[in-house]
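Structure file entry24.cif (mmCIF, C-alpha atoms) is printed below.
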```
data_entry
#
loop_
_atom_site.label_atom_id
_atom_site.label_comp_id
_atom_site.auth_asym_id
_atom_site.auth_seq_id
_atom_site.Cartn_x
_atom_site.Cartn_y
_atom_site.Cartn_z
CA MET A 96 42.40 35.81 -30.52
CA ASP A 97 45.45 37.44 -32.15
CA GLY A 98 48.27 37.84 -29.60
CA PHE A 99 45.90 37.79 -26.64
CA GLN A 100 46.41 34.99 -24.11
CA VAL A 101 43.53 35.21 -21.71
CA ASN A 102 44.63 32.15 -19.79
CA GLN A 103 47.25 34.32 -18.08
CA PHE A 104 44.63 36.34 -16.16
CA PRO A 105 43.64 35.50 -12.58
CA VAL A 106 39.88 35.47 -12.23
CA ASN A 107 39.81 38.24 -9.66
CA ILE A 108 41.10 41.12 -11.86
CA PRO A 109 38.49 43.94 -11.73
CA LEU A 110 36.38 44.78 -14.75
CA VAL A 111 37.74 47.62 -16.84
CA GLN A 112 36.10 50.00 -19.26
CA ASN A 113 39.01 50.59 -21.60
CA TRP A 114 42.55 49.42 -22.08
CA GLN A 115 44.03 52.29 -20.04
CA GLN A 116 42.47 50.98 -16.82
CA ILE A 117 44.09 47.56 -16.98
CA PRO A 118 46.61 47.33 -14.08
CA ASN A 119 50.17 46.78 -15.20
CA ASN A 120 51.38 45.18 -11.97
CA VAL A 121 49.57 41.83 -12.26
CA GLN A 122 51.70 38.91 -13.37
CA GLY A 123 50.78 37.56 -16.76
CA ASN A 124 48.84 40.53 -18.20
CA ALA A 125 51.27 40.96 -21.05
CA LEU A 126 49.17 42.57 -23.83
CA PRO A 127 50.21 43.19 -27.40
CA ALA A 128 50.88 46.81 -28.24
CA GLN A 129 48.34 46.59 -31.04
CA SER A 130 45.09 44.84 -32.03
CA PHE A 131 43.74 44.35 -28.52
CA GLN A 132 41.27 47.25 -28.13
CA GLU A 133 38.82 45.63 -30.51
CA ASN A 134 38.97 42.28 -28.68
CA LEU A 135 38.99 43.57 -25.11
CA GLU A 136 35.22 43.47 -24.55
CA LYS A 137 35.05 39.93 -25.83
CA ALA A 138 37.90 38.83 -23.53
CA GLN A 139 36.17 40.45 -20.57
CA GLN A 140 32.89 38.72 -21.34
CA GLU A 141 34.63 35.34 -21.61
CA LYS A 142 36.89 35.49 -18.56
CA PHE A 143 35.65 38.12 -16.15
CA SER A 144 31.92 37.49 -16.00
CA SER A 145 32.25 35.62 -12.69
CA TYR A 146 34.30 38.34 -11.01
CA ASP A 147 33.51 38.90 -7.35
CA GLU A 148 34.88 42.17 -6.04
CA THR A 149 34.96 40.91 -2.44
CA ARG A 150 37.79 38.56 -3.33
CA GLU A 151 40.10 41.52 -3.88
CA THR A 152 40.12 42.40 -0.19
CA ASN A 153 39.34 39.08 1.48
CA PHE A 154 42.13 36.67 0.69
CA PRO A 155 42.17 33.44 2.79
CA SER A 156 44.26 33.87 5.93
CA SER A 157 46.06 30.61 5.19
CA GLN A 158 47.89 32.14 2.20
CA PRO A 159 51.44 33.19 3.16
CA TYR A 160 51.13 36.37 1.08
CA GLN A 161 48.72 38.91 2.58
CA GLU A 162 49.56 41.97 0.44
CA GLN A 163 46.86 43.26 -1.91
CA TYR A 164 46.99 44.67 -5.40
CA ASN A 165 48.49 48.10 -5.72
CA TYR A 166 46.98 49.28 -8.98
CA GLN A 167 48.92 51.72 -11.08
CA TYR A 168 46.59 53.30 -13.62
CA PRO A 169 48.31 55.11 -16.50
CA GLU A 170 47.31 58.69 -17.13
CA SER A 171 47.87 58.45 -20.86
CA ASP A 172 49.11 56.22 -23.62
CA SER A 173 52.62 57.59 -23.17
CA ASP A 174 52.84 56.17 -19.66
CA TYR A 175 53.27 52.69 -21.06
CA ASN A 176 56.86 51.93 -21.86
CA ILE A 177 57.07 49.73 -24.94
CA GLU A 178 60.02 47.38 -25.36
CA GLU A 179 60.89 44.25 -27.22
CA LYS A 180 60.57 41.13 -25.08
CA ASN A 181 63.34 38.56 -24.98
CA ASN A 182 62.76 35.67 -27.37
CA SER A 183 63.13 33.21 -24.49
CA SER A 184 59.81 34.38 -23.02
CA PRO A 185 57.08 31.69 -23.32
CA HIS A 186 54.62 34.42 -24.31
CA ASN A 187 56.73 36.05 -26.99
CA ASN A 188 55.27 35.81 -30.47
CA GLY A 189 57.36 38.50 -32.13
CA ARG A 190 55.14 41.41 -31.02
CA ASN A 191 55.82 44.29 -28.69
CA TYR A 192 54.44 43.87 -25.19
CA ILE A 193 53.56 46.28 -22.46
CA ASN A 194 55.87 46.00 -19.45
CA TYR A 195 54.46 44.51 -16.26
CA THR A 196 55.62 43.98 -12.69
CA PRO A 197 54.97 40.78 -10.72
CA SER A 198 52.09 40.68 -8.27
CA PRO A 199 52.95 40.09 -4.59
CA VAL A 200 49.98 37.73 -4.29
CA TYR A 201 50.53 35.66 -7.41
CA SER A 202 54.29 35.89 -7.51
CA THR A 203 55.28 33.16 -9.95
CA ASN A 204 58.19 32.59 -12.27
CA GLN A 205 57.94 32.16 -16.01
CA ASP A 206 58.50 28.40 -15.88
CA THR A 207 55.51 27.96 -13.60
CA ILE A 208 53.22 29.94 -15.92
CA GLN A 209 53.88 27.45 -18.70
CA ASP A 210 52.17 24.74 -16.67
CA TYR A 211 48.82 26.54 -16.55
CA GLN A 212 46.32 25.44 -19.18
CA ALA A 213 43.61 27.57 -20.71
CA ASN A 214 40.94 26.03 -18.49
CA SER A 215 42.89 26.27 -15.22
CA TYR A 216 41.18 29.38 -13.94
CA THR A 217 37.74 28.40 -15.17
CA GLN A 218 37.64 25.25 -13.02
CA SER A 219 37.05 26.14 -9.37
CA GLU A 220 38.48 22.88 -8.06
CA GLU A 221 41.79 23.37 -9.89
CA TYR A 222 42.24 27.06 -9.08
CA PRO A 223 43.45 26.67 -5.47
CA LYS A 224 45.86 23.90 -6.45
CA ASN A 225 47.44 26.04 -9.16
CA ILE A 226 47.84 29.01 -6.85
CA LYS A 227 49.33 26.84 -4.10
CA ALA A 228 51.85 25.33 -6.50
CA ALA A 229 52.82 28.77 -7.75
CA GLN A 230 53.31 30.08 -4.23
CA GLN A 231 55.49 27.14 -3.20
CA ASN A 232 57.85 27.63 -6.13
CA ASN A 233 58.74 31.15 -5.08
CA PHE A 234 58.22 30.79 -1.32
CA SER A 235 61.91 30.45 -0.46
CA SER A 236 62.98 33.48 -2.49
CA ASP A 237 60.05 35.76 -1.68
CA TYR A 238 59.54 34.77 1.98
CA ASN A 239 61.95 37.22 3.62
CA SER A 240 60.73 40.33 1.83
CA ASP A 241 57.02 39.54 2.03
CA TYR A 242 57.02 38.31 5.64
CA ASN A 243 59.10 41.27 6.87
CA ASN A 244 56.57 43.67 5.36
CA SER A 245 53.73 42.15 7.38
CA THR A 246 52.79 43.02 10.96
CA ALA A 247 55.68 42.60 13.38
CA VAL A 248 55.32 39.54 15.58
CA THR A 249 56.34 41.51 18.66
CA ASP A 250 53.37 43.85 18.22
CA LEU A 251 50.78 41.06 18.32
CA GLU A 252 48.91 39.38 21.12
CA PRO A 253 50.07 35.84 22.11
CA LYS A 254 47.28 34.12 20.14
CA GLN A 255 48.06 36.25 17.08
CA ILE A 256 51.73 35.40 17.37
CA GLN A 257 50.96 31.68 17.17
CA GLN A 258 48.96 32.32 13.99
CA SER A 259 51.55 34.63 12.43
CA ILE A 260 54.70 32.53 12.92
CA PRO A 261 55.17 30.25 9.90
CA ALA A 262 54.23 26.64 10.57
CA VAL A 263 57.74 25.45 9.68
CA ILE A 264 59.21 27.46 12.58
CA LYS A 265 56.61 26.25 15.08
CA LYS A 266 57.11 22.66 13.95
CA ASP A 267 60.89 22.84 14.38
CA ASN A 268 60.42 24.42 17.77
CA ILE A 269 58.26 21.52 18.95
CA ALA A 270 60.34 18.82 17.32
CA ASN A 271 63.81 19.91 18.46
CA ASN A 272 62.62 21.17 21.80
CA SER A 273 65.62 23.50 21.85
CA PHE A 274 64.36 26.73 20.27
CA ASN A 275 65.38 29.36 22.87
CA ASN A 276 65.98 26.48 25.30
CA SER A 277 62.25 26.12 25.87
CA VAL A 278 59.27 23.90 25.22
CA GLN A 279 55.62 24.64 24.68
CA THR A 280 53.55 24.98 27.84
CA ASN A 281 49.92 23.97 28.34
CA ASP A 282 47.97 25.45 31.24
CA ASN A 283 44.90 23.28 30.71
CA PRO A 284 46.07 19.89 29.37
CA GLY A 285 43.86 16.87 28.79
CA ILE A 286 44.47 13.56 30.53
CA ILE A 287 46.63 12.18 27.68
CA GLU A 288 48.77 15.32 27.70
CA GLN A 289 49.06 15.16 31.50
CA ILE A 290 50.42 11.62 31.27
CA ARG A 291 52.90 12.71 28.60
CA MET A 292 54.02 15.66 30.73
CA TYR A 293 54.51 13.39 33.75
CA LYS A 294 56.67 10.95 31.77
CA GLU A 295 58.67 13.83 30.31
CA ASP A 296 59.37 15.29 33.76
CA GLN A 297 60.51 11.91 35.06
CA LEU A 298 62.75 11.14 32.08
CA MET A 299 64.36 14.58 32.35
CA ALA A 300 65.18 14.11 36.03
CA ASN A 301 67.71 11.30 35.45
CA PRO A 302 69.74 9.97 32.50
CA GLY A 303 68.28 6.99 30.68
CA GLY A 304 65.51 7.95 28.22
CA ASP A 305 66.37 6.74 24.72
CA TYR A 306 65.46 10.09 23.15
CA TYR A 307 66.52 12.27 26.07
CA THR A 308 70.01 13.67 25.66
CA GLU A 309 72.12 16.41 27.21
CA ASN A 310 72.32 19.75 25.40
CA GLU A 311 75.32 22.07 25.32
CA ASN A 312 74.45 23.33 28.83
CA GLY A 313 74.40 19.84 30.35
CA GLN A 314 70.60 19.83 30.59
CA ILE A 315 68.56 16.75 29.72
CA GLN A 316 65.87 17.36 27.12
CA TYR A 317 63.77 15.49 24.60
CA ASN A 318 65.63 15.09 21.31
CA PRO A 319 63.56 13.35 18.59
CA ASN A 320 66.43 13.82 16.12
CA PHE A 321 68.68 11.43 18.05
CA ASP A 322 69.46 8.54 15.70
CA ASN A 323 68.51 5.62 17.92
CA SER A 324 68.49 3.32 14.90
CA ASN A 325 72.29 3.55 14.71
CA PHE A 326 73.91 0.66 16.60
CA ALA A 327 76.80 2.70 18.01
CA ASN A 328 74.47 5.50 19.16
CA ARG A 329 71.99 3.11 20.71
CA VAL A 330 74.43 0.91 22.65
CA GLY A 331 76.78 3.80 23.39
CA LYS A 332 73.97 5.80 25.01
CA ASP A 333 73.08 2.85 27.28
CA ILE A 334 76.64 2.67 28.54
CA SER A 335 76.86 6.47 28.91
CA ASP A 336 73.54 6.65 30.81
CA SER A 337 74.65 3.89 33.16
CA ALA A 338 77.88 5.72 33.93
CA SER A 339 76.01 9.01 34.45
CA ASN A 340 73.61 7.43 36.92
CA ILE A 341 76.50 5.93 38.90
CA LYS A 342 78.05 9.39 38.96
CA ASN A 343 74.77 10.87 40.23
CA ALA A 344 74.52 8.17 42.91
CA VAL A 345 77.93 9.19 44.25
CA ALA A 346 76.92 12.87 44.05
CA ASN A 347 73.74 12.19 46.06
CA LEU A 348 75.92 10.70 48.78
CA ALA A 349 77.94 13.91 48.81
CA ALA A 350 76.67 17.40 47.88
CA GLY A 351 73.82 16.24 45.63
CA ALA A 352 73.28 15.50 41.94
CA LYS A 353 71.98 17.98 39.38
CA TYR A 354 68.74 17.41 37.50
CA SER A 355 66.72 19.15 34.79
CA TYR A 356 63.13 20.38 34.84
CA ILE A 357 60.76 22.65 32.93
CA ASP A 358 59.83 25.91 34.67
CA SER A 359 56.54 27.82 34.48
CA GLU A 360 57.72 29.70 31.37
CA GLY A 361 58.51 26.51 29.48
CA LYS A 362 62.29 26.93 29.82
CA ILE A 363 64.56 24.05 30.76
CA GLN A 364 66.30 24.75 34.06
CA THR A 365 68.84 22.92 36.22
CA ALA A 366 68.66 22.44 39.99
CA GLN A 367 70.63 20.43 42.54
CA LYS A 368 69.39 17.90 45.07
CA THR A 369 70.61 17.88 48.67
CA GLY A 370 73.10 15.05 49.14
CA LEU A 371 73.83 13.02 52.25
CA LEU A 372 76.99 14.87 53.33
CA LYS A 373 75.37 18.22 52.70
CA THR A 374 72.37 17.19 54.79
CA MET A 375 74.66 16.21 57.65
CA GLY A 376 76.43 19.54 57.27
CA ASN A 377 73.10 21.34 57.47
CA PHE A 378 72.30 19.48 60.70
CA ALA A 379 75.63 20.56 62.18
CA LYS A 380 74.88 24.20 61.29
CA HIS A 381 71.39 24.02 62.79
CA PHE A 382 72.73 22.38 65.96
CA PHE A 383 75.40 25.05 66.36
CA ASP A 384 72.84 27.78 65.71
CA ALA A 385 70.59 26.30 68.37
CA ILE A 386 73.16 26.10 71.15
CA THR A 387 74.40 29.64 70.43
CA PHE A 388 70.84 31.04 70.29
CA GLY A 389 71.49 32.36 66.79
CA SER A 390 74.23 34.73 67.93
CA PHE A 391 76.31 34.04 64.81
CA ASN A 392 73.38 33.98 62.41
CA LYS A 393 72.90 37.32 60.63
CA GLU A 394 69.25 36.48 59.91
CA THR A 395 68.40 36.08 63.58
CA PRO A 396 66.25 38.95 64.95
CA GLN A 397 68.19 41.15 67.37
CA ASN A 398 67.24 42.17 70.92
CA GLN A 399 65.30 38.97 71.66
CA ASN A 400 64.35 38.16 75.22
CA ILE A 401 65.19 34.85 76.88
CA ILE A 402 61.85 33.24 75.92
CA GLN A 403 62.22 34.21 72.27
CA LYS A 404 65.79 32.89 72.18
CA ALA A 405 64.67 29.59 73.72
CA GLY A 406 61.93 29.24 71.14
CA TYR A 407 64.39 30.01 68.34
CA SER A 408 66.85 27.38 69.63
CA ALA A 409 64.13 24.75 70.01
CA LYS A 410 62.94 25.31 66.42
CA LYS A 411 66.45 25.10 64.98
CA LEU A 412 67.29 21.95 66.90
CA LEU A 413 64.04 19.98 66.77
CA VAL A 414 62.30 21.15 63.56
CA ASP A 415 65.15 22.10 61.23
CA GLY A 416 67.77 19.76 62.69
CA VAL A 417 66.05 16.59 63.88
CA VAL A 418 62.94 16.49 61.68
CA LYS A 419 64.05 18.07 58.40
CA ASP A 420 67.70 17.01 58.37
CA VAL A 421 67.80 13.69 60.25
CA LEU A 422 64.34 12.14 59.89
CA ILE A 423 63.63 13.41 56.34
CA GLY A 424 66.86 14.69 54.79
CA ILE A 425 69.13 11.70 55.40
CA PRO A 426 66.72 8.98 54.15
CA HIS A 427 65.72 11.26 51.26
CA SER A 428 69.35 11.44 50.12
CA MET A 429 69.71 7.67 50.46
CA ILE A 430 66.57 7.12 48.35
CA ASN A 431 67.95 9.38 45.62
CA ALA A 432 71.27 7.52 45.61
CA GLY A 433 69.52 4.14 45.52
CA GLU A 434 67.32 5.32 42.66
CA ASN A 435 70.38 6.19 40.58
CA VAL A 436 72.01 2.82 41.32
CA LEU A 437 68.87 1.00 40.16
CA LEU A 438 68.64 3.12 37.01
CA ALA A 439 72.33 2.49 36.25
CA THR A 440 71.64 -1.24 36.47
CA MET A 441 68.68 -0.92 34.10
CA ASN A 442 70.78 1.05 31.60
CA ALA A 443 73.46 -1.65 31.66
CA MET A 444 70.82 -4.37 31.15
CA GLU A 445 69.42 -2.48 28.15
CA VAL A 446 72.66 -3.02 26.25
CA VAL A 447 71.73 -6.65 25.50
CA PRO A 448 68.33 -6.08 23.80
CA ASP A 449 69.64 -2.95 22.06
CA ALA A 450 72.54 -4.95 20.61
CA THR A 451 70.26 -7.77 19.41
CA ILE A 452 66.58 -7.15 18.70
CA GLY A 453 67.27 -3.41 18.68
CA ASN A 454 68.74 -3.78 15.20
CA MET A 455 65.19 -4.24 13.90
CA LYS A 456 62.74 -1.33 13.88
CA ALA A 457 60.08 -3.24 15.82
CA GLY A 458 62.64 -4.47 18.35
CA GLU A 459 63.99 -0.96 18.79
CA LYS A 460 60.51 0.40 19.58
CA ILE A 461 59.79 -2.41 22.04
CA THR A 462 63.09 -1.88 23.86
CA THR A 463 62.61 1.89 24.05
CA SER A 464 59.05 1.57 25.36
CA LEU A 465 59.95 -1.13 27.90
CA PHE A 466 62.97 0.56 29.45
CA ASP A 467 61.66 4.14 29.28
CA ASN A 468 58.46 3.12 31.03
CA GLY A 469 60.54 1.08 33.45
CA GLN A 470 62.55 4.18 34.33
CA VAL A 471 59.35 6.15 34.94
CA ALA A 472 58.09 3.34 37.21
CA VAL A 473 61.34 3.36 39.23
CA ASN A 474 61.12 7.13 39.62
CA TYR A 475 57.49 6.90 40.73
CA ILE A 476 58.19 4.25 43.37
CA SER A 477 61.15 6.27 44.67
CA ASP A 478 59.03 9.44 44.81
CA ILE A 479 56.13 7.97 46.80
CA MET A 480 58.32 6.24 49.38
CA PRO A 481 58.38 7.99 52.77
CA THR A 482 60.69 11.04 52.50
CA GLY A 483 60.61 10.75 48.68
CA GLU A 484 59.97 13.70 46.36
CA ALA A 485 56.23 13.11 45.98
CA TRP A 486 55.79 12.08 49.62
CA MET A 487 57.19 15.45 50.77
CA ARG A 488 54.76 17.36 48.55
CA VAL A 489 51.74 15.33 49.62
CA ASN A 490 52.50 15.59 53.35
CA ALA A 491 53.89 19.12 53.34
CA PRO A 492 52.12 21.47 55.80
CA GLY A 493 52.26 24.36 53.35
CA SER A 494 55.20 25.90 51.50
CA THR A 495 57.54 28.85 51.55
CA ASP A 496 55.07 30.64 49.26
CA SER A 497 52.01 30.35 51.49
CA GLY A 498 53.10 29.52 55.02
CA LEU A 499 51.40 26.83 57.12
CA LYS A 500 48.50 24.96 55.49
CA LEU A 501 46.72 21.66 55.88
CA PRO A 502 48.80 18.72 54.61
CA ILE A 503 47.48 16.72 51.64
CA LEU A 504 44.75 19.29 50.96
CA TYR A 505 47.33 22.00 50.27
CA ASN A 506 49.10 19.95 47.60
CA LEU A 507 45.80 19.08 45.92
CA LYS A 508 44.93 22.78 45.62
CA THR A 509 48.28 23.98 44.31
CA PRO A 510 48.41 25.26 40.71
CA GLN A 511 50.12 23.27 38.00
CA GLN A 512 53.10 25.64 38.18
CA GLY A 513 53.94 29.01 39.67
CA LEU A 514 55.21 28.26 43.20
CA GLU A 515 58.78 29.23 44.06
CA ASP A 516 59.22 26.43 46.58
CA MET A 517 61.48 23.92 44.80
CA ARG A 518 59.33 20.99 45.91
CA TRP A 519 56.70 22.29 43.46
CA ALA A 520 58.72 24.53 41.13
CA SER A 521 60.63 21.56 39.67
CA VAL A 522 57.49 19.63 38.59
CA ARG A 523 54.36 20.27 36.56
CA ASN A 524 51.84 19.38 39.23
CA THR A 525 48.93 18.40 37.01
CA PRO A 526 45.74 16.80 38.40
CA PHE A 527 46.96 13.43 37.13
CA ARG A 528 50.24 13.80 39.00
CA LYS A 529 48.53 14.93 42.18
CA ALA A 530 46.16 11.95 42.08
CA ILE A 531 48.71 9.17 41.56
CA GLU A 532 51.24 10.70 43.95
CA THR A 533 48.68 11.29 46.70
CA VAL A 534 47.31 7.76 46.51
CA GLY A 535 50.77 6.20 46.24
CA SER A 536 52.28 8.26 49.08
CA LEU A 537 49.43 7.47 51.48
CA LEU A 538 49.58 3.76 50.66
CA SER A 539 53.34 3.58 51.13
CA GLN A 540 53.01 5.42 54.41
CA ILE A 541 50.37 2.93 55.62
CA VAL A 542 52.54 -0.03 54.57
CA THR A 543 55.55 1.44 56.35
CA MET A 544 53.63 2.02 59.56
CA ALA A 545 52.10 -1.46 59.45
CA ALA A 546 55.44 -3.17 58.86
CA PRO A 547 56.99 -4.77 61.99
#
```

Just give me the structure of the file as structure tokens.
Amino acid sequence: MDGFQVNQFPVNIPLVQNWQQIPNNVQGNALPAQSFQENLEKAQQEKFSSYDETRETNFPSSQPYQEQYNYQYPESDSDYNIEEKNNSSPHNNGRNYINYTPSPVYSTNQDTIQDYQANSYTQSEEYPKNIKAAQQNNFSSDYNSDYNNSTAVTDLEPKQIQQSIPAVIKKDNIANNSFNNSVQTNDNPGIIEQIRMYKEDQLMANPGGDYYTENENGQIQYNPNFDNSNFANRVGKDISDSASNIKNAVANLAAGAKYSYIDSEGKIQTAQKTGLLKTMGNFAKHFFDAITFGSFNKETPQNQNIIQKAGYSAKKLLVDGVVKDVLIGIPHSMINAGENVLLATMNAMEVVPDATIGNMKAGEKITTSLFDNGQVAVNYISDIMPTGEAWMRVNAPGSTDSGLKLPILYNLKTPQQGLEDMRWASVRNTPFRKAIETVGSLLSQIVTMAAP
């Protein structure tokens, strides 16, 4: 057909009755200024017989461009501006062409159009591939304008937001684990995800995980981009983790070491444990408060009678002082310090395999798996020991959120997250975690009581 390249037409251009109805904003509909009226009906019969009008308004949601055709129908022949095309155009054959504007859906450059063959749009299996290739070529240049014109993310529901954010952003968010200092949360995880969450919580609590590093705020978080294959990074991190754990052991003998955790909103937070010296200081304050009947405590209710003051003093001395500070607080601080000493030893031992078999990919994976899982095991044993982190949750008679409750049963009924009490706020208390910590804490308690 003279000057008429039908292979440039997408298959979903609507049928037209005469040349004036052909939209001029669809990429590739460059028509010669002459000799096309007589061949138009033939071109329509050849290329547009399979047209389905529903495709104009129902584009697949997976396409990054959701704008539709904005047809501009000319009122007369004079509305078409005729100009001479540049000779570098792949469609230029020396004739005058009607101007056109690129389509927002099929926004392609001229080099891409050259790759399309005459049968590209007639083969259904090739059509999606061609469109996808065309979109990818111009995605980087057209993304900002096209995405900004779509529905604002802030105006959508949470599920719609997840569908609207480009996959590349969501992937980076998950991989780096540092987008807005947060990680993805899961309120109803499966058993595999619960195990992963438990390991992540344990590896964030103390230095040592091969892919767990400190961010700019001093918080430990998962960092898959850490180059553990580099010898200096691998061995250097072992030495650094060992030194950090020794530092934390000293801190737990004093005011208490800091640790990282994931809160109910998925943000990484930092909290501080209660060290040995601080626990002893708390006991001194409770003892002084007891013998003075709370006279110097601003939180003490005023105008108490002698019986109320006696009850207040007994609680401060026996419950807060003897039980919480002496019987639980002091051994709890010692367990935390001992845990850090053991982890520091493991980090120092890891230097040898990292410096030898760690130079091979398989050896690196074995070393990482062995010592990371070993750290989780050390944390678990420390937690379930009497006065350990898990032991206190399992045997707690309620919390600051709910008041007095039945021990063991209360912990089993707590939500995964949402409590303000730091015994629960600093962990993701999944069913898997509740099960292994309850069983382990009860067994360790039985062994301790049975020991001579």

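Counting all atoms listed in the file, the residue from A:Asp358, A:Leu298, A:Ser464, A:Ala472 that sits nearest to Leu514 (chain A) is A:Asp358.
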
Query - Residues in the PyMOL selection byres ((chain A and resi 305) around 12), expressed as a PyMOL selection string - result: chain A and resi 295+298-299+301-304+306-309+315-324+328-336+442+445-446+449+453+459-470

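Closest approach to Leu438 (chain A) among A:Asn474, A:Asn325, A:Thr395, A:Ser539: A:Asn474, based on only C-alpha atoms.
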
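In terms of minimum interatomic distance to Ile423 (chain A), A:Thr374 ranks closest within A:Ser408, A:Gln297, A:Thr374, A:Gln511, counting all atoms listed in the file.
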
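Here the PyMOL selection byres ((chain A and resi 363) around 8) catches exactly these residues: Asn276, Ser277, Val278, Gln314, Gln316, Ser355, Tyr356, Ile357, Asp358, Gly361, Lys362, Gln364 and Thr365 of chain A.
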
Go ahead and write the selection's residues with C-alpha atoms as an mmCIF file, in the frame of the given file.
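Okay, out.cif is ready:
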```cif
data_model
loop_
_atom_site.group_PDB
_atom_site.id
_atom_site.type_symbol
_atom_site.label_atom_id
_atom_site.label_comp_id
_atom_site.auth_asym_id
_atom_site.auth_seq_id
_atom_site.Cartn_x
_atom_site.Cartn_y
_atom_site.Cartn_z
ATOM 1 C CA ASN A 276 65.980 26.480 25.300
ATOM 2 C CA SER A 277 62.250 26.120 25.870
ATOM 3 C CA VAL A 278 59.270 23.900 25.220
ATOM 4 C CA GLN A 314 70.600 19.830 30.590
ATOM 5 C CA GLN A 316 65.870 17.360 27.120
ATOM 6 C CA SER A 355 66.720 19.150 34.790
ATOM 7 C CA TYR A 356 63.130 20.380 34.840
ATOM 8 C CA ILE A 357 60.760 22.650 32.930
ATOM 9 C CA ASP A 358 59.830 25.910 34.670
ATOM 10 C CA GLY A 361 58.510 26.510 29.480
ATOM 11 C CA LYS A 362 62.290 26.930 29.820
ATOM 12 C CA GLN A 364 66.300 24.750 34.060
ATOM 13 C CA THR A 365 68.840 22.920 36.220
#
```

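The coordinates place CA of Gly416 (chain A) at 5.6 Å from CA of His381 (chain A).
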
Query raised in the report: Which distance in Å separates CA of Leu371 (chain A) and CA of Ser428 (chain A), to one decimal?
Result: 5.2 Å
